[in-house]
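This is my_file.txt. It holds compact mmCIF, C-alpha atoms.
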# COMPACT_ATOMS: atom_id res chain seq x y z
CA MET Z 126 -7.73 96.48 97.03
CA ASN Z 127 -10.90 96.11 95.02
CA ARG Z 128 -12.50 99.40 94.04
CA ASP Z 129 -15.89 97.85 94.77
CA GLU Z 130 -14.81 97.43 98.38
CA ALA Z 131 -13.11 100.80 98.70
CA SER Z 132 -14.58 104.26 98.85
CA GLY Z 133 -13.08 107.70 98.59
CA PRO Z 134 -9.75 108.61 97.03
CA ILE Z 135 -7.28 106.14 95.59
CA VAL Z 136 -4.41 108.14 97.12
CA ARG Z 137 -4.47 110.20 100.30
CA ALA Z 138 -1.27 111.56 101.80
CA ALA Z 139 -1.06 113.64 104.97
CA GLY Z 140 2.07 115.45 106.09
CA LEU Z 141 4.55 113.34 104.12
CA VAL Z 142 8.16 114.21 104.95
CA LYS Z 143 11.33 112.78 103.42
CA THR Z 144 14.83 114.07 104.15
CA TYR Z 145 18.03 112.58 102.77
CA ARG Z 146 21.20 112.95 104.82
CA PRO Z 147 24.21 112.40 102.54
CA GLU Z 148 27.43 111.71 104.40
CA GLY Z 149 29.50 114.88 104.67
CA ALA Z 150 26.79 117.05 103.10
CA ALA Z 151 23.87 119.14 104.24
CA PRO Z 152 20.50 117.40 104.58
CA VAL Z 153 18.30 117.42 101.49
CA HIS Z 154 14.67 118.16 102.37
CA ALA Z 155 13.09 116.42 99.37
CA VAL Z 156 9.46 116.35 100.58
CA ARG Z 157 8.26 118.76 103.25
CA GLY Z 158 4.89 118.00 104.81
CA VAL Z 159 2.93 117.20 101.64
CA ASP Z 160 -0.84 116.66 101.72
CA LEU Z 161 -2.30 115.11 98.57
CA THR Z 162 -5.51 113.44 97.44
CA VAL Z 163 -6.05 111.68 94.11
CA GLU Z 164 -9.56 110.57 93.18
CA PRO Z 165 -10.42 107.53 91.05
CA GLY Z 166 -10.05 108.23 87.35
CA GLU Z 167 -7.98 111.40 87.75
CA PHE Z 168 -4.97 112.17 85.58
CA VAL Z 169 -2.68 114.22 87.82
CA ALA Z 170 0.59 115.75 86.66
CA VAL Z 171 3.19 116.81 89.22
CA THR Z 172 5.51 119.34 87.66
CA GLY Z 173 8.37 121.54 88.78
CA PRO Z 174 12.08 122.13 88.27
CA SER Z 175 14.77 119.48 88.61
CA GLY Z 176 15.50 118.84 92.26
CA ALA Z 177 12.07 119.98 93.45
CA GLY Z 178 11.32 116.56 94.97
CA LYS Z 179 8.80 115.33 92.39
CA SER Z 180 10.33 111.90 91.89
CA THR Z 181 10.80 111.43 95.62
CA LEU Z 182 7.09 112.09 96.11
CA LEU Z 183 6.22 109.53 93.43
CA HIS Z 184 8.57 106.99 95.02
CA LEU Z 185 6.82 107.49 98.36
CA LEU Z 186 3.43 106.90 96.72
CA GLY Z 187 4.72 103.67 95.16
CA GLY Z 188 6.51 102.38 98.22
CA LEU Z 189 9.92 102.62 96.55
CA ASP Z 190 10.99 104.86 99.42
CA ARG Z 191 9.62 105.38 102.93
CA PRO Z 192 8.55 108.67 104.51
CA ASP Z 193 10.29 109.88 107.63
CA SER Z 194 6.89 110.97 108.92
CA GLY Z 195 3.35 111.46 107.72
CA SER Z 196 0.65 109.04 106.63
CA LEU Z 197 -0.32 107.44 103.33
CA TRP Z 198 -3.51 105.64 102.33
CA LEU Z 199 -4.06 103.72 99.09
CA ASP Z 200 -7.64 102.70 98.29
CA GLY Z 201 -8.59 103.46 101.87
CA ARG Z 202 -5.87 101.36 103.51
CA GLN Z 203 -3.08 102.97 105.50
CA VAL Z 204 0.13 101.69 103.96
CA ASP Z 205 2.95 103.92 105.26
CA GLY Z 206 3.87 101.32 107.87
CA TYR Z 207 4.00 98.41 105.44
CA ARG Z 208 7.17 96.38 105.22
CA GLU Z 209 8.83 95.75 101.86
CA ALA Z 210 7.13 92.38 101.32
CA ARG Z 211 3.67 93.94 101.57
CA TRP Z 212 4.71 96.86 99.34
CA ALA Z 213 6.02 94.37 96.77
CA GLU Z 214 2.62 92.66 96.78
CA LEU Z 215 0.88 96.01 96.35
CA ARG Z 216 3.08 96.89 93.39
CA ARG Z 217 2.50 93.50 91.78
CA ASN Z 218 -1.27 93.69 92.02
CA HIS Z 219 -2.41 97.29 92.41
CA ILE Z 220 0.28 99.80 91.36
CA GLY Z 221 1.90 100.06 87.94
CA ILE Z 222 5.09 102.10 87.64
CA VAL Z 223 6.77 103.45 84.50
CA PHE Z 224 10.24 104.99 84.72
CA GLN Z 225 12.21 107.37 82.51
CA PHE Z 226 14.81 104.75 81.57
CA PHE Z 227 12.35 101.85 81.06
CA ASN Z 228 13.98 99.47 83.61
CA LEU Z 229 13.31 96.45 81.40
CA VAL Z 230 15.20 93.22 82.01
CA SER Z 231 17.76 93.33 79.20
CA ASN Z 232 18.25 89.58 78.78
CA LEU Z 233 14.53 88.77 78.67
CA SER Z 234 12.35 88.98 75.59
CA VAL Z 235 9.58 91.54 75.25
CA ALA Z 236 7.04 88.78 75.94
CA ASP Z 237 8.81 87.70 79.12
CA ASN Z 238 9.23 91.28 80.37
CA VAL Z 239 5.48 91.84 80.12
CA GLU Z 240 4.37 88.42 81.37
CA LEU Z 241 6.67 88.27 84.39
CA PRO Z 242 4.62 90.62 86.65
CA ALA Z 243 1.45 88.68 85.83
CA LEU Z 244 3.11 85.37 86.73
CA LEU Z 245 4.49 86.86 89.96
CA ALA Z 246 0.97 88.03 90.83
CA GLY Z 247 -0.24 84.43 90.60
CA ARG Z 248 -1.85 84.39 87.17
CA SER Z 249 -1.54 81.23 85.12
CA PRO Z 250 0.85 81.15 82.14
CA ARG Z 251 -2.17 81.08 79.85
CA GLN Z 252 -3.69 84.17 81.50
CA ALA Z 253 -0.35 85.97 81.42
CA ARG Z 254 0.10 85.22 77.70
CA ALA Z 255 -3.40 86.41 76.92
CA ALA Z 256 -2.96 89.68 78.83
CA ARG Z 257 0.44 90.24 77.23
CA GLY Z 258 -0.88 89.57 73.72
CA GLU Z 259 -3.77 91.97 74.15
CA LEU Z 260 -1.56 94.79 75.45
CA LEU Z 261 1.20 94.37 72.89
CA ASP Z 262 -1.35 94.36 70.10
CA GLU Z 263 -2.98 97.51 71.43
CA LEU Z 264 0.38 99.24 71.85
CA GLY Z 265 1.50 98.41 68.31
CA LEU Z 266 4.12 95.86 69.32
CA THR Z 267 2.76 92.73 67.68
CA GLY Z 268 5.69 90.88 66.11
CA LYS Z 269 8.17 92.19 68.71
CA GLU Z 270 7.44 89.49 71.28
CA ASN Z 271 10.75 87.68 70.80
CA SER Z 272 12.91 90.80 70.56
CA THR Z 273 15.09 91.89 73.45
CA PRO Z 274 14.89 95.47 74.74
CA GLY Z 275 18.23 96.33 73.11
CA GLU Z 276 16.76 95.59 69.70
CA LEU Z 277 13.97 98.15 70.13
CA SER Z 278 13.84 101.92 69.76
CA GLY Z 279 13.43 104.06 72.86
CA GLY Z 280 9.76 104.64 72.10
CA GLU Z 281 9.17 100.92 71.65
CA GLN Z 282 10.95 100.15 74.92
CA GLN Z 283 8.75 102.64 76.75
CA ARG Z 284 5.65 101.03 75.24
CA VAL Z 285 6.87 97.65 76.53
CA ALA Z 286 7.40 99.24 79.95
CA LEU Z 287 3.85 100.61 79.83
CA ALA Z 288 2.49 97.16 78.91
CA ARG Z 289 4.40 95.66 81.82
CA ALA Z 290 2.99 98.29 84.20
CA LEU Z 291 -0.59 97.68 83.01
CA VAL Z 292 -0.59 93.89 82.66
CA ASN Z 293 -2.17 93.39 86.11
CA THR Z 294 -4.79 96.15 85.56
CA PRO Z 295 -3.53 98.29 88.47
CA SER Z 296 -5.74 100.71 90.38
CA LEU Z 297 -2.99 103.32 90.10
CA LEU Z 298 -0.41 104.03 87.40
CA LEU Z 299 2.64 106.05 88.47
CA ALA Z 300 4.76 107.51 85.66
CA ASP Z 301 8.13 109.10 86.48
CA GLU Z 302 9.28 111.27 83.52
CA PRO Z 303 8.08 108.56 81.08
CA ALA Z 304 9.10 110.63 78.03
CA GLY Z 305 12.23 112.14 79.57
CA SER Z 306 14.60 110.10 77.39
CA LEU Z 307 12.47 110.15 74.22
CA ASP Z 308 12.37 112.41 71.17
CA SER Z 309 9.29 114.45 70.26
CA LYS Z 310 7.72 111.56 68.35
CA GLY Z 311 8.18 109.23 71.30
CA THR Z 312 6.75 111.89 73.62
CA ARG Z 313 3.61 112.13 71.50
CA GLU Z 314 3.30 108.33 71.52
CA VAL Z 315 3.45 108.23 75.30
CA LEU Z 316 0.87 111.02 75.56
CA ARG Z 317 -1.52 109.20 73.26
CA LEU Z 318 -1.19 105.97 75.19
CA LEU Z 319 -1.66 107.57 78.59
CA ALA Z 320 -4.71 109.42 77.23
CA ARG Z 321 -6.18 106.20 75.86
CA PHE Z 322 -5.97 104.35 79.16
CA HIS Z 323 -7.11 107.40 81.11
CA ARG Z 324 -10.27 107.62 79.00
CA ARG Z 325 -11.03 104.07 80.14
CA GLY Z 326 -10.85 105.14 83.77
CA GLN Z 327 -7.19 104.50 84.62
CA THR Z 328 -5.98 106.68 87.49
CA ILE Z 329 -2.60 108.21 86.62
CA VAL Z 330 -0.06 110.27 88.55
CA LEU Z 331 2.59 111.62 86.19
CA VAL Z 332 5.81 113.36 87.24
CA THR Z 333 7.25 115.59 84.54
CA HIS Z 334 9.25 118.79 84.03
CA ASP Z 335 7.76 119.07 80.52
CA ALA Z 336 4.90 121.59 80.34
CA ARG Z 337 3.49 119.85 77.27
CA MET Z 338 3.26 116.55 79.11
CA ALA Z 339 1.75 118.24 82.15
CA SER Z 340 -0.92 120.00 80.11
CA ALA Z 341 -2.27 116.60 79.05
CA ALA Z 342 -3.56 115.97 82.58
CA ASP Z 343 -6.87 116.93 84.19
CA ARG Z 344 -5.03 118.46 87.11
CA VAL Z 345 -1.57 119.97 87.48
CA ILE Z 346 0.25 120.17 90.81
CA SER Z 347 3.21 122.52 90.87
CA PHE Z 348 5.97 121.27 93.16
CA PHE Z 349 8.85 123.42 94.40
CA ASP Z 350 11.40 122.88 97.16
CA GLY Z 351 9.56 119.81 98.43
CA ARG Z 352 6.18 121.50 98.70
CA VAL Z 353 2.96 121.82 96.71
CA VAL Z 354 2.79 125.47 95.63
CA ASP Z 355 -0.21 125.21 93.30
CA ASP Z 356 -2.92 122.66 92.54
CA ALA Z 357 -5.04 123.48 89.50
CA HIS Z 358 -7.85 121.54 87.85
CA LEU Z 359 -7.59 122.24 84.14
CA GLY Z 360 -10.74 123.41 82.42
CA GLY Z 361 -12.29 124.53 85.68
CA GLY Z 362 -12.83 120.97 86.81
CA THR Z 363 -15.31 120.27 84.01
CA GLN Z 364 -12.90 118.83 81.49
CA ARG Z 365 -13.77 115.34 80.30
CA PRO Z 366 -11.06 112.68 80.81
CA GLY Z 367 -8.34 112.96 78.20
CA ALA Z 368 -9.68 116.17 76.63
CA GLY Z 369 -6.46 118.10 77.18
CA VAL Z 370 -4.44 115.58 75.21
CA ALA Z 371 -6.26 116.29 71.98
CA ASP Z 372 -4.99 119.86 72.07
CA VAL Z 373 -1.52 118.90 73.21
CA LEU Z 374 -1.09 116.42 70.36
CA LYS Z 375 -1.64 119.20 67.84
CA LEU Z 376 1.75 120.53 68.88
CA LYS Z 377 4.49 119.26 66.64
CA GLY Z 378 8.06 119.19 67.78

Can you give me the file's structure in the form of structure tokens?
Amino acid sequence: MNRDEASGPIVRAAGLVKTYRPEGAAPVHAVRGVDLTVEPGEFVAVTGPSGAGKSTLLHLLGGLDRPDSGSLWLDGRQVDGYREARWAELRRNHIGIVFQFFNLVSNLSVADNVELPALLAGRSPRQARAARGELLDELGLTGKENSTPGELSGGEQQRVALARALVNTPSLLLADEPAGSLDSKGTREVLRLLARFHRRGQTIVLVTHDARMASAADRVISFFDGRVVDDAHLGGGTQRPGAGVADVLKLKG
């Protein structure tokens, strides 16, 4: 999905529905008929209380879960009917995902964790090493290449996870509570890094219950009971990319 060949939004969802049916329990209506559009270069935060369905929505956008009904387009291609193999290819090449609990491979080094997605996407070992080296240097992780995740702090692990998500220069970065398990310093680190890549044109959809994280975005979608209840462009739609982060980072916690 080359942006030069695509036009219009990076994400377009129409009527997405997802209901979970736990055995012996009432159905859980996680996503109820959601319409959503994300334009290239936007930084969108989806916020709301625990259990609102935010993470389910993100998982639908990344193909980690399938909608019961509704349609989904990524870079102009309808993808809701894709099988897992095609979704896996999309995630390797076009979608980066960062999770709350890092999801790094514990017995692999930092270098291998970051290089692996590039190798799986068909890049040569030399290209994978070069991309890894550039990202780790930029994220302040030079010298940690041979460490394992368990030897790193939480903030360092999340930076490795971000490098892994960005190594294939994805069209779309999905971040699911990326600072949810970090202290205030780690939260500020994540905000700075997301802001940096956003200023370069990276499209980001961030799920968070943290108002400070949400206020770093250009646009905040309030999610409640599986539905979009508000959709606000911060700064009246005139805010330059990343501008909100400068104010947010003044907050100390």

Taking 4 positions as the minimum chain separation for residues in the same chain, which residues sit within 9 Å of Trp212 (chain Z) when counting all atoms listed in the file? Answer as a PyMOL selection string. chain Z and resi 187-189+204+207-208+216-217

Just write the chosen residues, C-alpha atoms, as a compact mmCIF listing (two decimals), in the coordinates of the input.
# COMPACT_ATOMS: atom_id res chain seq x y z
CA GLY Z 187 4.72 103.67 95.16
CA GLY Z 188 6.51 102.38 98.22
CA LEU Z 189 9.92 102.62 96.55
CA VAL Z 204 0.13 101.69 103.96
CA TYR Z 207 4.00 98.41 105.44
CA ARG Z 208 7.17 96.38 105.22
CA ARG Z 216 3.08 96.89 93.39
CA ARG Z 217 2.50 93.50 91.78

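Minimum atom-to-atom distance to Ala341 (chain Z), evaluated using only C-alpha atoms, belongs to Z:His323 out of Z:His323, Z:Leu182, Z:Gly195, Z:Asp356.
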
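Atom pair CA of Ala210 (chain Z) / CA of Ala246 (chain Z) has a distance of 12.9 Å (rounded to one decimal).
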
Rounded to one decimal in Å, what is the spacing between CA of Leu197 (chain Z) and CA of Arg157 (chain Z)?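 Atom-to-atom, CA of Leu197 (chain Z) and CA of Arg157 (chain Z) are spaced 14.2 Å apart.
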
Using 12 Å as the limit and counting all atoms listed in the file, can you tabulate each residue of region 252-370 of chain Z that touches region 132-141 of chain Z, with its shortest atom-to-atom distance in Å and the two atoms involved, as a Markdown table?
| residue | atom | partner | partner_atom | distance |
| --- | --- | --- | --- | --- |
| Z:Pro295 | CA | Z:Ile135 | CA | 11.2 |
| Z:Ser296 | CA | Z:Ile135 | CA | 7.7 |
| Z:Leu297 | CA | Z:Ile135 | CA | 7.5 |
| Z:Leu298 | CA | Z:Ile135 | CA | 10.9 |
| Z:Leu299 | CA | Z:Val136 | CA | 11.4 |
| Z:Gln327 | CA | Z:Ile135 | CA | 11.1 |
| Z:Thr328 | CA | Z:Ile135 | CA | 8.2 |
| Z:Ile329 | CA | Z:Ile135 | CA | 10.3 |
| Z:Val330 | CA | Z:Val136 | CA | 9.8 |
| Z:Gly351 | CA | Z:Leu141 | CA | 10.0 |
| Z:Arg352 | CA | Z:Leu141 | CA | 9.9 |
| Z:Val353 | CA | Z:Leu141 | CA | 11.4 |

Deliver the residues from the most recent selection as a file, using C-alpha atoms, as a short mmCIF file (atom, residue, chain, number, x, y, z; two decimals), in the frame of the given file.
data_model
loop_
_atom_site.label_atom_id
_atom_site.label_comp_id
_atom_site.auth_asym_id
_atom_site.auth_seq_id
_atom_site.Cartn_x
_atom_site.Cartn_y
_atom_site.Cartn_z
CA PRO Z 295 -3.53 98.29 88.47
CA SER Z 296 -5.74 100.71 90.38
CA LEU Z 297 -2.99 103.32 90.10
CA LEU Z 298 -0.41 104.03 87.40
CA LEU Z 299 2.64 106.05 88.47
CA GLN Z 327 -7.19 104.50 84.62
CA THR Z 328 -5.98 106.68 87.49
CA ILE Z 329 -2.60 108.21 86.62
CA VAL Z 330 -0.06 110.27 88.55
CA GLY Z 351 9.56 119.81 98.43
CA ARG Z 352 6.18 121.50 98.70
CA VAL Z 353 2.96 121.82 96.71
#

Which residues are close to Glu214 (chain Z), i.e. within 10 Å by only C-alpha atoms, leaving aside same-chain residues fewer than 5 positions away? Reply as a list in words.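 Once the adjacent positions are removed, what remains is Glu209, His219, Ile220, Leu245 and Ala246 of chain Z.
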
Neighbour residues at most 8 Å from (14.5, 91.4, 72.8) (only C-alpha atoms) as a ChimeraX atom specification: /Z:231-235,269-277

State, in Å with one decimal place, the distance from CA of Pro192 (chain Z) to CA of Val142 (chain Z).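 A separation of 5.6 Å between them.
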
Nearest residue to Glu314 (chain Z) from the set Z:Gly158, Z:Gly280, Z:Gly166, Z:Gly178 (distances using only C-alpha atoms): Z:Gly280

My list of candidates is Z:Ser309, Z:Gln225, Z:Gln203, Z:Thr144. Which is closest to Thr181 (chain Z) when distances are computed with all atoms listed in the file? Z:Thr144
